[in-house]
file structure-v3.json (JSON, C-alpha atoms)
[["chain", "number", "residue", "atom", "x", "y", "z"],
["L", 1283, "MET", "CA", 0.46, -1.97, 59.69],
["L", 1284, "GLN", "CA", 4.25, -1.75, 59.51],
["L", 1285, "LYS", "CA", 5.52, 1.72, 60.35],
["L", 1286, "ARG", "CA", 7.81, 3.50, 57.90],
["L", 1287, "ALA", "CA", 10.54, 5.96, 58.82],
["L", 1288, "LEU", "CA", 12.80, 8.12, 56.67],
["L", 1289, "VAL", "CA", 16.22, 8.92, 58.15],
["L", 1290, "THR", "CA", 18.35, 11.69, 56.66],
["L", 1291, "GLY", "CA", 22.04, 11.31, 57.45],
["L", 1292, "ILE", "CA", 21.61, 7.53, 57.76],
["L", 1293, "THR", "CA", 25.28, 6.88, 56.91],
["L", 1294, "GLY", "CA", 26.44, 8.96, 59.90],
["L", 1295, "GLN", "CA", 27.03, 7.81, 63.48],
["L", 1296, "ASP", "CA", 23.52, 8.58, 64.76],
["L", 1297, "GLY", "CA", 21.81, 7.52, 61.55],
["L", 1298, "SER", "CA", 23.35, 4.06, 61.69],
["L", 1299, "TYR", "CA", 22.37, 3.46, 65.33],
["L", 1300, "LEU", "CA", 18.87, 4.85, 64.75],
["L", 1301, "ALA", "CA", 18.38, 2.61, 61.71],
["L", 1302, "GLU", "CA", 19.34, -0.41, 63.85],
["L", 1303, "LEU", "CA", 16.90, 0.60, 66.57],
["L", 1304, "LEU", "CA", 14.02, 1.18, 64.13],
["L", 1305, "LEU", "CA", 14.65, -2.18, 62.42],
["L", 1306, "GLU", "CA", 14.57, -3.89, 65.83],
["L", 1307, "LYS", "CA", 11.21, -2.22, 66.44],
["L", 1308, "GLY", "CA", 9.83, -3.61, 63.19],
["L", 1309, "TYR", "CA", 9.95, -0.45, 61.06],
["L", 1310, "GLN", "CA", 10.48, -0.31, 57.34],
["L", 1311, "VAL", "CA", 13.52, 2.00, 57.21],
["L", 1312, "TYR", "CA", 14.36, 4.40, 54.38],
["L", 1313, "GLY", "CA", 17.65, 6.27, 54.32],
["L", 1314, "LEU", "CA", 18.15, 9.53, 52.46],
["L", 1315, "VAL", "CA", 21.55, 9.62, 50.75],
["L", 1316, "ARG", "CA", 23.05, 12.36, 48.59],
["L", 1317, "ARG", "CA", 24.04, 11.39, 45.08],
["L", 1318, "THR", "CA", 27.86, 11.58, 45.09],
["L", 1319, "SER", "CA", 30.57, 9.71, 43.20],
["L", 1320, "THR", "CA", 31.48, 7.82, 46.37],
["L", 1321, "VAL", "CA", 29.01, 7.08, 49.14],
["L", 1322, "ASN", "CA", 30.39, 5.72, 52.39],
["L", 1323, "PHE", "CA", 28.06, 2.97, 53.61],
["L", 1324, "GLU", "CA", 30.59, 1.61, 56.12],
["L", 1325, "ARG", "CA", 28.48, 2.33, 59.21],
["L", 1326, "ILE", "CA", 25.35, 0.67, 57.83],
["L", 1327, "ARG", "CA", 26.98, -2.12, 55.78],
["L", 1328, "HIS", "CA", 25.79, -4.78, 58.26],
["L", 1329, "ILE", "CA", 22.14, -3.71, 57.81],
["L", 1330, "GLN", "CA", 22.31, -2.35, 54.27],
["L", 1331, "ASP", "CA", 20.17, -5.16, 52.81],
["L", 1332, "GLN", "CA", 17.40, -4.27, 55.29],
["L", 1333, "VAL", "CA", 17.39, -0.52, 54.52],
["L", 1334, "ASN", "CA", 15.79, 1.14, 51.49],
["L", 1335, "ILE", "CA", 18.09, 3.84, 50.13],
["L", 1336, "VAL", "CA", 16.47, 6.88, 48.50],
["L", 1337, "THR", "CA", 18.42, 9.73, 46.93],
["L", 1338, "GLY", "CA", 17.88, 13.30, 47.97],
["L", 1339, "ASP", "CA", 19.66, 16.40, 49.20],
["L", 1340, "LEU", "CA", 18.77, 18.92, 51.89],
["L", 1341, "SER", "CA", 19.80, 21.69, 49.50],
["L", 1342, "ASP", "CA", 17.20, 20.59, 46.92],
["L", 1343, "LEU", "CA", 13.48, 20.83, 47.76],
["L", 1344, "THR", "CA", 12.29, 18.80, 44.74],
["L", 1345, "SER", "CA", 14.43, 15.82, 45.72],
["L", 1346, "LEU", "CA", 13.10, 15.94, 49.29],
["L", 1347, "MET", "CA", 9.52, 15.90, 48.03],
["L", 1348, "GLY", "CA", 10.40, 12.95, 45.80],
["L", 1349, "ALA", "CA", 11.96, 11.07, 48.73],
["L", 1350, "LEU", "CA", 8.83, 11.61, 50.85],
["L", 1351, "ARG", "CA", 6.57, 10.40, 48.02],
["L", 1352, "GLU", "CA", 8.74, 7.31, 47.54],
["L", 1353, "SER", "CA", 9.08, 6.34, 51.21],
["L", 1354, "GLN", "CA", 5.64, 7.51, 52.46],
["L", 1355, "PRO", "CA", 6.91, 7.65, 56.06],
["L", 1356, "GLN", "CA", 4.94, 8.26, 59.25],
["L", 1357, "GLU", "CA", 8.16, 9.51, 60.89],
["L", 1358, "VAL", "CA", 11.10, 11.52, 59.54],
["L", 1359, "TYR", "CA", 14.34, 11.89, 61.50],
["L", 1360, "ASN", "CA", 16.47, 14.77, 60.20],
["L", 1361, "LEU", "CA", 20.02, 13.89, 61.24],
["L", 1362, "ALA", "CA", 21.76, 15.19, 58.11],
["L", 1363, "ALA", "CA", 23.94, 18.28, 58.53],
["L", 1364, "GLN", "CA", 27.39, 19.69, 58.00],
["L", 1365, "SER", "CA", 28.06, 18.70, 61.58],
["L", 1366, "PHE", "CA", 31.79, 19.17, 62.19],
["L", 1367, "VAL", "CA", 32.14, 22.44, 64.13],
["L", 1368, "PRO", "CA", 35.70, 23.44, 62.96],
["L", 1369, "THR", "CA", 34.66, 23.03, 59.29],
["L", 1370, "SER", "CA", 31.83, 25.52, 59.84],
["L", 1371, "TRP", "CA", 34.40, 28.35, 60.04],
["L", 1372, "SER", "CA", 36.04, 27.41, 56.72],
["L", 1373, "GLN", "CA", 32.67, 26.60, 55.04],
["L", 1374, "PRO", "CA", 30.15, 28.90, 56.77],
["L", 1375, "VAL", "CA", 27.88, 29.36, 53.73],
["L", 1376, "LEU", "CA", 27.64, 25.62, 53.02],
["L", 1377, "THR", "CA", 26.95, 25.01, 56.71],
["L", 1378, "GLY", "CA", 24.09, 27.51, 56.64],
["L", 1379, "GLU", "CA", 22.75, 26.11, 53.36],
["L", 1380, "VAL", "CA", 22.49, 22.53, 54.69],
["L", 1381, "THR", "CA", 22.25, 22.80, 58.48],
["L", 1382, "ALA", "CA", 19.88, 25.80, 58.55],
["L", 1383, "LEU", "CA", 17.99, 26.19, 55.27],
["L", 1384, "GLY", "CA", 17.93, 22.42, 54.71],
["L", 1385, "VAL", "CA", 15.57, 22.13, 57.68],
["L", 1386, "THR", "CA", 13.20, 24.67, 56.11],
["L", 1387, "ARG", "CA", 13.14, 22.73, 52.85],
["L", 1388, "LEU", "CA", 12.37, 19.49, 54.68],
["L", 1389, "LEU", "CA", 9.58, 21.12, 56.71],
["L", 1390, "ASP", "CA", 8.14, 22.62, 53.52],
["L", 1391, "ALA", "CA", 8.29, 19.25, 51.77],
["L", 1392, "ILE", "CA", 6.45, 17.58, 54.67],
["L", 1393, "ARG", "CA", 3.81, 20.33, 54.68],
["L", 1394, "ALA", "CA", 3.25, 19.86, 50.94],
["L", 1395, "ILE", "CA", 3.33, 16.03, 50.76],
["L", 1396, "ASN", "CA", 1.79, 14.92, 54.06],
["L", 1397, "PRO", "CA", 1.42, 17.28, 57.06],
["L", 1398, "ASP", "CA", 0.63, 14.28, 59.33],
["L", 1399, "ILE", "CA", 4.26, 13.12, 59.16],
["L", 1400, "ARG", "CA", 6.06, 13.43, 62.50],
["L", 1401, "LEU", "CA", 9.45, 15.13, 62.25],
["L", 1402, "TYR", "CA", 12.43, 14.85, 64.57],
["L", 1403, "GLN", "CA", 14.92, 17.71, 64.15],
["L", 1404, "ALA", "CA", 18.45, 17.18, 65.48],
["L", 1405, "SER", "CA", 19.20, 20.35, 67.45],
["L", 1406, "SER", "CA", 22.50, 20.68, 69.29],
["L", 1407, "SER", "CA", 23.99, 21.81, 72.59],
["L", 1408, "GLU", "CA", 26.33, 23.98, 70.45],
["L", 1409, "MET", "CA", 23.34, 26.36, 70.22],
["L", 1410, "PHE", "CA", 23.99, 27.31, 73.88],
["L", 1411, "GLY", "CA", 27.61, 28.24, 73.09],
["L", 1412, "LYS", "CA", 28.56, 30.98, 75.56],
["L", 1413, "VAL", "CA", 26.24, 29.57, 78.16],
["L", 1414, "GLN", "CA", 23.76, 31.86, 79.91],
["L", 1415, "GLU", "CA", 23.04, 29.42, 82.75],
["L", 1416, "VAL", "CA", 24.39, 26.14, 84.12],
["L", 1417, "PRO", "CA", 23.11, 23.52, 83.56],
["L", 1418, "GLN", "CA", 21.41, 24.20, 80.23],
["L", 1419, "ARG", "CA", 17.74, 23.28, 79.86],
["L", 1420, "GLU", "CA", 15.02, 23.73, 77.24],
["L", 1421, "THR", "CA", 14.41, 27.34, 78.31],
["L", 1422, "THR", "CA", 18.06, 28.46, 78.40],
["L", 1423, "PRO", "CA", 18.73, 31.32, 75.91],
["L", 1424, "PHE", "CA", 20.94, 30.42, 72.95],
["L", 1425, "TYR", "CA", 24.29, 32.15, 72.35],
["L", 1426, "PRO", "CA", 26.02, 30.15, 69.59],
["L", 1427, "ARG", "CA", 29.80, 30.51, 69.16],
["L", 1428, "SER", "CA", 30.33, 28.97, 65.71],
["L", 1429, "PRO", "CA", 28.68, 29.12, 62.28],
["L", 1430, "TYR", "CA", 27.51, 25.56, 62.98],
["L", 1431, "GLY", "CA", 25.87, 26.65, 66.25],
["L", 1432, "VAL", "CA", 24.22, 29.61, 64.51],
["L", 1433, "ALA", "CA", 22.88, 27.34, 61.73],
["L", 1434, "LYS", "CA", 21.51, 24.90, 64.31],
["L", 1435, "VAL", "CA", 19.70, 27.76, 66.11],
["L", 1436, "TYR", "CA", 18.00, 28.66, 62.82],
["L", 1437, "GLY", "CA", 17.04, 25.01, 62.25],
["L", 1438, "HIS", "CA", 15.67, 24.80, 65.77],
["L", 1439, "TRP", "CA", 13.54, 27.92, 65.60],
["L", 1440, "ILE", "CA", 12.19, 27.23, 62.10],
["L", 1441, "THR", "CA", 11.04, 23.84, 63.44],
["L", 1442, "VAL", "CA", 9.24, 25.56, 66.34],
["L", 1443, "ASN", "CA", 7.81, 28.11, 63.88],
["L", 1444, "TYR", "CA", 6.38, 25.48, 61.51],
["L", 1445, "ARG", "CA", 5.01, 23.52, 64.47],
["L", 1446, "GLU", "CA", 3.14, 26.57, 65.72],
["L", 1447, "SER", "CA", 2.20, 28.01, 62.33],
["L", 1448, "TYR", "CA", 1.07, 24.84, 60.54],
["L", 1449, "ASP", "CA", 0.29, 22.50, 63.44],
["L", 1450, "LEU", "CA", 3.00, 20.03, 62.38],
["L", 1451, "HIS", "CA", 4.14, 17.30, 64.77],
["L", 1452, "ALA", "CA", 7.70, 18.67, 64.70],
["L", 1453, "THR", "CA", 10.00, 18.02, 67.67],
["L", 1454, "SER", "CA", 13.57, 19.14, 68.37],
["L", 1455, "GLY", "CA", 16.01, 17.10, 70.43],
["L", 1456, "ILE", "CA", 18.70, 19.35, 71.88],
["L", 1457, "LEU", "CA", 21.37, 16.67, 72.12],
["L", 1458, "PHE", "CA", 24.58, 17.18, 74.02],
["L", 1459, "ASN", "CA", 27.80, 15.54, 72.81],
["L", 1460, "HIS", "CA", 27.31, 11.84, 72.17],
["L", 1461, "GLU", "CA", 30.08, 9.63, 70.91],
["L", 1462, "SER", "CA", 30.80, 6.03, 69.97],
["L", 1463, "GLU", "CA", 33.20, 3.73, 68.18],
["L", 1464, "ARG", "CA", 31.45, 4.84, 64.94],
["L", 1465, "ARG", "CA", 32.41, 8.51, 65.39],
["L", 1466, "GLY", "CA", 34.48, 10.07, 62.60],
["L", 1467, "LEU", "CA", 38.21, 10.49, 63.28],
["L", 1468, "GLU", "CA", 37.90, 14.28, 63.06],
["L", 1469, "PHE", "CA", 35.93, 14.36, 66.36],
["L", 1470, "VAL", "CA", 38.03, 14.76, 69.50],
["L", 1471, "THR", "CA", 36.77, 11.69, 71.40],
["L", 1472, "ARG", "CA", 37.46, 9.30, 68.52],
["L", 1473, "LYS", "CA", 40.75, 11.05, 67.69],
["L", 1474, "VAL", "CA", 41.91, 10.47, 71.28],
["L", 1475, "ALA", "CA", 40.72, 6.83, 71.42],
["L", 1476, "TYR", "CA", 42.22, 6.02, 68.01],
["L", 1477, "THR", "CA", 45.57, 7.69, 68.71],
["L", 1478, "ALA", "CA", 45.88, 6.04, 72.14],
["L", 1479, "ALA", "CA", 45.33, 2.68, 70.41],
["L", 1480, "ARG", "CA", 47.93, 3.53, 67.74],
["L", 1481, "ILE", "CA", 50.46, 4.53, 70.41],
["L", 1482, "LYS", "CA", 49.84, 1.27, 72.28],
["L", 1483, "LEU", "CA", 50.58, -0.68, 69.07],
["L", 1484, "GLY", "CA", 53.69, 1.37, 68.22],
["L", 1485, "LEU", "CA", 52.03, 3.02, 65.20],
["L", 1486, "ALA", "CA", 52.19, 6.60, 66.59],
["L", 1487, "THR", "CA", 54.33, 8.55, 69.04],
["L", 1488, "GLU", "CA", 52.25, 11.63, 69.93],
["L", 1489, "LEU", "CA", 48.74, 13.06, 70.21],
["L", 1490, "ARG", "CA", 48.33, 16.71, 69.20],
["L", 1491, "MET", "CA", 45.48, 18.46, 71.04],
["L", 1492, "GLY", "CA", 43.85, 21.87, 71.44],
["L", 1493, "ASN", "CA", 42.20, 23.15, 74.64],
["L", 1494, "LEU", "CA", 42.41, 20.47, 77.36],
["L", 1495, "GLU", "CA", 40.36, 22.53, 79.82],
["L", 1496, "ALA", "CA", 37.13, 22.65, 77.74],
["L", 1497, "GLN", "CA", 34.35, 20.72, 79.49],
["L", 1498, "ARG", "CA", 31.60, 18.72, 77.83],
["L", 1499, "ASP", "CA", 28.64, 16.58, 78.80],
["L", 1500, "TRP", "CA", 29.43, 13.38, 76.87],
["L", 1501, "GLY", "CA", 27.07, 10.44, 76.41],
["L", 1502, "TYR", "CA", 26.92, 7.25, 74.33],
["L", 1503, "ALA", "CA", 25.25, 7.60, 70.91],
["L", 1504, "PRO", "CA", 23.07, 4.42, 71.04],
["L", 1505, "ASP", "CA", 21.45, 5.77, 74.23],
["L", 1506, "TYR", "CA", 20.70, 9.08, 72.50],
["L", 1507, "VAL", "CA", 18.97, 7.64, 69.42],
["L", 1508, "ASP", "CA", 16.58, 5.86, 71.80],
["L", 1509, "ALA", "CA", 15.59, 9.32, 73.09],
["L", 1510, "MET", "CA", 14.92, 10.50, 69.52],
["L", 1511, "TRP", "CA", 12.52, 7.62, 68.91],
["L", 1512, "ARG", "CA", 10.73, 8.22, 72.23],
["L", 1513, "MET", "CA", 10.12, 11.88, 71.28],
["L", 1514, "LEU", "CA", 8.16, 10.95, 68.15],
["L", 1515, "GLN", "CA", 5.96, 8.53, 70.11],
["L", 1516, "GLN", "CA", 4.55, 11.40, 72.19],
["L", 1517, "ASP", "CA", 1.06, 12.73, 71.40],
["L", 1518, "THR", "CA", 2.29, 16.32, 71.54],
["L", 1519, "PRO", "CA", 5.45, 17.63, 69.83],
["L", 1520, "ASP", "CA", 7.91, 19.46, 72.08],
["L", 1521, "ASP", "CA", 11.61, 20.17, 72.63],
["L", 1522, "TYR", "CA", 13.86, 18.10, 74.87],
["L", 1523, "VAL", "CA", 17.40, 18.38, 76.20],
["L", 1524, "VAL", "CA", 19.16, 14.99, 76.03],
["L", 1525, "ALA", "CA", 22.28, 14.84, 78.20],
["L", 1526, "THR", "CA", 23.87, 12.96, 81.09],
["L", 1527, "GLY", "CA", 23.94, 15.97, 83.44],
["L", 1528, "ARG", "CA", 27.63, 15.22, 84.15],
["L", 1529, "THR", "CA", 30.62, 17.05, 82.75],
["L", 1530, "HIS", "CA", 34.23, 16.06, 82.01],
["L", 1531, "THR", "CA", 37.26, 17.97, 80.73],
["L", 1532, "VAL", "CA", 39.04, 17.02, 77.53],
["L", 1533, "GLN", "CA", 42.03, 16.19, 79.74],
["L", 1534, "ARG", "CA", 39.94, 13.61, 81.64],
["L", 1535, "LEU", "CA", 38.96, 12.04, 78.32],
["L", 1536, "VAL", "CA", 42.66, 11.76, 77.43],
["L", 1537, "GLU", "CA", 43.54, 10.28, 80.85],
["L", 1538, "ILE", "CA", 40.91, 7.54, 80.60],
["L", 1539, "ALA", "CA", 41.89, 6.61, 77.02],
["L", 1540, "PHE", "CA", 45.58, 6.33, 77.94],
["L", 1541, "ASP", "CA", 44.74, 4.37, 81.10],
["L", 1542, "CYS", "CA", 42.97, 1.85, 78.84],
["L", 1543, "VAL", "CA", 46.26, 1.19, 77.00],
["L", 1544, "GLY", "CA", 48.50, 1.36, 80.09],
["L", 1545, "ARG", "CA", 50.31, 4.56, 79.12],
["L", 1546, "ASN", "CA", 50.92, 7.92, 80.84],
["L", 1547, "TRP", "CA", 49.15, 10.54, 78.69],
["L", 1548, "GLN", "CA", 51.62, 13.28, 79.66],
["L", 1549, "ASP", "CA", 54.39, 11.44, 77.80],
["L", 1550, "TYR", "CA", 52.53, 11.70, 74.50],
["L", 1551, "VAL", "CA", 50.20, 14.72, 74.42],
["L", 1552, "VAL", "CA", 51.37, 17.91, 72.68],
["L", 1553, "GLN", "CA", 49.22, 21.05, 72.76],
["L", 1554, "ASP", "CA", 48.91, 22.61, 69.31],
["L", 1555, "GLU", "CA", 47.52, 26.11, 68.53],
["L", 1556, "LYS", "CA", 46.14, 24.71, 65.27],
["L", 1557, "PHE", "CA", 43.42, 22.88, 67.21],
["L", 1558, "MET", "CA", 42.20, 25.88, 69.21],
["L", 1559, "ARG", "CA", 38.78, 27.27, 68.17],
["L", 1560, "PRO", "CA", 38.45, 30.97, 67.21],
["L", 1561, "ALA", "CA", 35.63, 31.26, 69.79],
["L", 1562, "GLU", "CA", 35.70, 28.51, 72.41],
["L", 1563, "VAL", "CA", 32.70, 26.98, 74.12],
["L", 1564, "ASP", "CA", 34.01, 26.36, 77.62],
["L", 1565, "LEU", "CA", 31.32, 24.55, 79.59],
["L", 1566, "LEU", "CA", 28.35, 22.60, 78.27],
["L", 1567, "VAL", "CA", 26.30, 20.51, 80.70],
["L", 1568, "GLY", "CA", 22.67, 19.62, 80.16],
["L", 1569, "ASP", "CA", 19.71, 19.15, 82.48],
["L", 1570, "PRO", "CA", 17.85, 16.06, 81.16],
["L", 1571, "SER", "CA", 15.05, 16.24, 83.77],
["L", 1572, "LYS", "CA", 12.28, 16.78, 81.21],
["L", 1573, "ALA", "CA", 13.43, 13.86, 79.05],
["L", 1574, "ARG", "CA", 13.55, 11.69, 82.16],
["L", 1575, "GLN", "CA", 10.08, 12.72, 83.37],
["L", 1576, "VAL", "CA", 8.19, 12.84, 80.05],
["L", 1577, "LEU", "CA", 10.02, 10.25, 77.93],
["L", 1578, "GLY", "CA", 11.20, 7.94, 80.72],
["L", 1579, "TRP", "CA", 14.70, 8.21, 79.23],
["L", 1580, "GLU", "CA", 17.92, 7.53, 81.15],
["L", 1581, "PRO", "CA", 21.47, 7.15, 79.78],
["L", 1582, "GLN", "CA", 22.68, 3.55, 80.20],
["L", 1583, "VAL", "CA", 26.42, 3.73, 79.41],
["L", 1584, "SER", "CA", 28.84, 5.76, 81.56],
["L", 1585, "PHE", "CA", 31.47, 8.14, 80.16],
["L", 1586, "GLU", "CA", 34.30, 5.86, 81.35],
["L", 1587, "ARG", "CA", 32.73, 2.75, 79.81],
["L", 1588, "MET", "CA", 32.12, 4.59, 76.52],
["L", 1589, "ILE", "CA", 35.81, 5.58, 76.18],
["L", 1590, "GLU", "CA", 36.82, 2.02, 77.05],
["L", 1591, "ILE", "CA", 34.53, 0.64, 74.28],
["L", 1592, "MET", "CA", 35.97, 3.14, 71.79],
["L", 1593, "VAL", "CA", 39.63, 2.40, 72.61],
["L", 1594, "THR", "CA", 39.08, -1.38, 72.64],
["L", 1595, "THR", "CA", 37.27, -1.28, 69.27],
["L", 1596, "ASP", "CA", 40.06, 0.80, 67.72],
["L", 1597, "LEU", "CA", 42.70, -1.59, 69.08],
["L", 1598, "GLU", "CA", 40.92, -4.54, 67.44],
["L", 1599, "ARG", "CA", 40.46, -2.65, 64.15],
["L", 1600, "LEU", "CA", 44.11, -1.60, 64.00],
["L", 1601, "LYS", "CA", 45.39, -5.07, 64.85],
["L", 1602, "ALA", "CA", 43.32, -6.53, 62.00],
["L", 1603, "GLU", "CA", 44.36, -3.75, 59.62],
["L", 1604, "HIS", "CA", 48.08, -4.10, 60.33],
["L", 1605, "HIS", "CA", 48.03, -7.89, 60.93],
["L", 1606, "LEU", "CA", 49.38, -7.44, 64.45]]
call {"tool": "encode", "arguments": {"input": "structure-v3.json", "output": "structure tokens"}}
result
Amino acid sequence: MQKRALVTGITGQDGSYLAELLLEKGYQVYGLVRRTSTVNFERIRHIQDQVNIVTGDLSDLTSLMGALRESQPQEVYNLAAQSFVPTSWSQPVLTGEVTALGVTRLLDAIRAINPDIRLYQASSSEMFGKVQEVPQRETTPFYPRSPYGVAKVYGHWITVNYRESYDLHATSGILFNHESERRGLEFVTRKVAYTAARIKLGLATELRMGNLEAQRDWGYAPDYVDAMWRMLQQDTPDDYVVATGRTHTVQRLVEIAFDCVGRNWQDYVVQDEKFMRPAEVDLLVGDPSKARQVLGWEPQVSFERMIEIMVTTDLERLKAEHHL
């Protein structure tokens, strides 16, 4: 029998790659999309005719129950969230409503409609925030440093709570930063890749940045959605850190991107107070040992190669856009 999966946040970076992966594996894929006047299907346009779109909203329990009845999935992947960290300071209540309470509504809907459904909850390395140990693993205490991080901690613990209280197959993937050429322009990796490409083509003259010393464990998004799928194939639900175990500074990211276009980054980068966070997260690096041992998961694409893919893709896009 063909497996069915419901993906919330299907129009986002991870949702689009996960939908591709599930289609390759022979799933019938349903994507939950909010009813808005304009829906951006750009990331899934190439597979849109293979995906069943259902409407629903994490802030509305009735619509989630309706989406589950319509799609009748064996697996649900909850990737929807207000996921841009800086926005969580200007919209903290909305972030909590969707990123925290939205998880509760989805868990409640699953419990009511079909408690046999397996749920993947997208937890985040931002939950570690002011890190209590290096590297961070599944047992590391959380100390979030943004409203987004706080909301994700709630979502994480409510998933654990429903798993233990109602015997749901609910798993959390604590994913460290993962990027790709499909990342939104507001995220630092894509901003750097895109601006380096624009500078190369004479379309921009500077790149304004915040803290260049912040360090992150960056991986490639298609590798990370493979880990999500592997988690829901396990007999027992659990929590897993998904990371590369290697860390890089924002400055190193900038250097690689500018190397790709044959420019010296120092000639173009301007530090701007506007891009500094109120409470910075200085060092995130994950220990993916458990994912490696239990799931057999390994990242395939290196940090350097990922930046190269992103810059090259943006160069091609911009050339086409501007007829260069």
call {"tool": "atom_distance", "arguments": {"input": "structure-v3.json", "atom1": "atom CA of Tyr1476 of chain L", "atom2": "atom CA of Leu1489 of chain L"}}
result
9.8 Å
call {"tool": "closest_residue", "arguments": {"input": "structure-v3.json", "among": "L:Leu1467, L:Val1532, L:Ile1591, L:Val1442", "to": "Pro1519 of chain L", "atoms": "all atoms listed in the file"}}
result
L:Val1442
call {"tool": "closest_residue", "arguments": {"input": "structure-v3.json", "among": "L:Gly1338, L:Gly1455, L:Gly1501, L:Gly1437", "to": "Met1513 of chain L", "atoms": "only C-alpha atoms"}}
result
L:Gly1455
call {"tool": "closest_atom_pairs", "arguments": {"input": "structure-v3.json", "of": "segment 1397-1448 of chain L", "to": "segment 1358-1370 of chain L", "cutoff": "12 Å", "atoms": "only C-alpha atoms", "output": "Markdown table"}}
result
| residue | atom | partner | partner_atom | distance |
| --- | --- | --- | --- | --- |
| L:Pro1397 | CA | L:Val1358 | CA | 11.5 |
| L:Asp1398 | CA | L:Val1358 | CA | 10.8 |
| L:Ile1399 | CA | L:Val1358 | CA | 7.0 |
| L:Arg1400 | CA | L:Val1358 | CA | 6.1 |
| L:Leu1401 | CA | L:Val1358 | CA | 4.8 |
| L:Tyr1402 | CA | L:Tyr1359 | CA | 4.7 |
| L:Gln1403 | CA | L:Asn1360 | CA | 5.2 |
| L:Ala1404 | CA | L:Leu1361 | CA | 5.6 |
| L:Ser1405 | CA | L:Leu1361 | CA | 9.0 |
| L:Ser1406 | CA | L:Ser1365 | CA | 9.7 |
| L:Ser1407 | CA | L:Val1367 | CA | 11.8 |
| L:Glu1408 | CA | L:Val1367 | CA | 8.7 |
| L:Met1409 | CA | L:Val1367 | CA | 11.4 |
| L:Gly1411 | CA | L:Val1367 | CA | 11.6 |
| L:Pro1426 | CA | L:Val1367 | CA | 11.3 |
| L:Arg1427 | CA | L:Val1367 | CA | 9.8 |
| L:Ser1428 | CA | L:Val1367 | CA | 7.0 |
| L:Pro1429 | CA | L:Ser1370 | CA | 5.4 |
| L:Tyr1430 | CA | L:Ser1370 | CA | 5.3 |
| L:Gly1431 | CA | L:Val1367 | CA | 7.8 |
| L:Val1432 | CA | L:Ser1370 | CA | 9.8 |
| L:Ala1433 | CA | L:Ser1370 | CA | 9.3 |
| L:Lys1434 | CA | L:Ala1363 | CA | 9.1 |
| L:Gly1437 | CA | L:Ala1363 | CA | 10.3 |
| L:His1438 | CA | L:Asn1360 | CA | 11.5 |
| L:Thr1441 | CA | L:Asn1360 | CA | 11.1 |
call {"tool": "closest_residue", "arguments": {"input": "structure-v3.json", "among": "L:Glu1324, L:Glu1352, L:Glu1302, L:Asp1296", "to": "Met1510 of chain L", "atoms": "only C-alpha atoms"}}
result
L:Asp1296
call {"tool": "atom_distance", "arguments": {"input": "structure-v3.json", "atom1": "atom CA of Val1311 of chain L", "atom2": "atom CA of Ala1287 of chain L"}}
result
5.2 Å
call {"tool": "closest_residue", "arguments": {"input": "structure-v3.json", "among": "L:Val1321, L:Leu1600, L:Val1315, L:Leu1303", "to": "Val1336 of chain L", "atoms": "only C-alpha atoms"}}
result
L:Val1315
call {"tool": "closest_residue", "arguments": {"input": "structure-v3.json", "among": "L:Ser1341, L:Gln1330, L:Ser1571, L:Thr1594", "to": "Arg1317 of chain L", "atoms": "all atoms listed in the file"}}
result
L:Ser1341
call {"tool": "closest_residue", "arguments": {"input": "structure-v3.json", "among": "L:Leu1389, L:Ile1481, L:Ala1503, L:Leu1494", "to": "Gln1533 of chain L", "atoms": "only C-alpha atoms"}}
result
L:Leu1494
call {"tool": "residues_around", "arguments": {"input": "structure-v3.json", "residues": "Ala1509 of chain L", "least_positions_apart": "2", "cutoff": "8 Å", "atoms": "only C-alpha atoms", "output": "list in words"}}
result
Asp1505, Tyr1506, Val1507, Trp1511, Arg1512, Met1513, Val1524, Ala1573, Leu1577 and Trp1579 of chain L
call {"tool": "residues_around", "arguments": {"input": "structure-v3.json", "residues": "segment 1547-1561 of chain L", "least_positions_apart": "4", "cutoff": "7 Å", "atoms": "all atoms listed in the file", "output": "VMD selection string"}}
result
chain L and resid 1427 1487 to 1493 1536 to 1537 1540
call {"tool": "write_last_selection", "arguments": {"input": "structure-v3.json", "atoms": "C-alpha atoms", "output": "PDB file, keeping the file's coordinate frame"}}
result
ATOM      1  CA  ARG L1427      29.800  30.510  69.160  1.00  0.00           C
ATOM      2  CA  THR L1487      54.330   8.550  69.040  1.00  0.00           C
ATOM      3  CA  GLU L1488      52.250  11.630  69.930  1.00  0.00           C
ATOM      4  CA  LEU L1489      48.740  13.060  70.210  1.00  0.00           C
ATOM      5  CA  ARG L1490      48.330  16.710  69.200  1.00  0.00           C
ATOM      6  CA  MET L1491      45.480  18.460  71.040  1.00  0.00           C
ATOM      7  CA  GLY L1492      43.850  21.870  71.440  1.00  0.00           C
ATOM      8  CA  ASN L1493      42.200  23.150  74.640  1.00  0.00           C
ATOM      9  CA  VAL L1536      42.660  11.760  77.430  1.00  0.00           C
ATOM     10  CA  GLU L1537      43.540  10.280  80.850  1.00  0.00           C
ATOM     11  CA  PHE L1540      45.580   6.330  77.940  1.00  0.00           C
TER      12      PHE L1540
END
call {"tool": "residues_around", "arguments": {"input": "structure-v3.json", "residues": "Arg1480 of chain L", "least_positions_apart": "5", "cutoff": "9 Å", "atoms": "all atoms listed in the file", "output": "VMD selection string"}}
result
chain L and resid 1475 1485 to 1487 1596 to 1597 1600
call {"tool": "atom_distance", "arguments": {"input": "structure-v3.json", "atom1": "atom CA of Ala1394 of chain L", "atom2": "atom CA of Asp1342 of chain L"}}
result
14.5 Å
call {"tool": "residues_around", "arguments": {"input": "structure-v3.json", "residues": "segment 1461-1466 of chain L", "least_positions_apart": "4", "cutoff": "12 Å", "atoms": "only C-alpha atoms", "output": "ChimeraX atom specification"}}
result
/L:1293-1299,1322-1326,1365-1366,1457,1470-1476,1498-1507,1525,1535,1583-1599
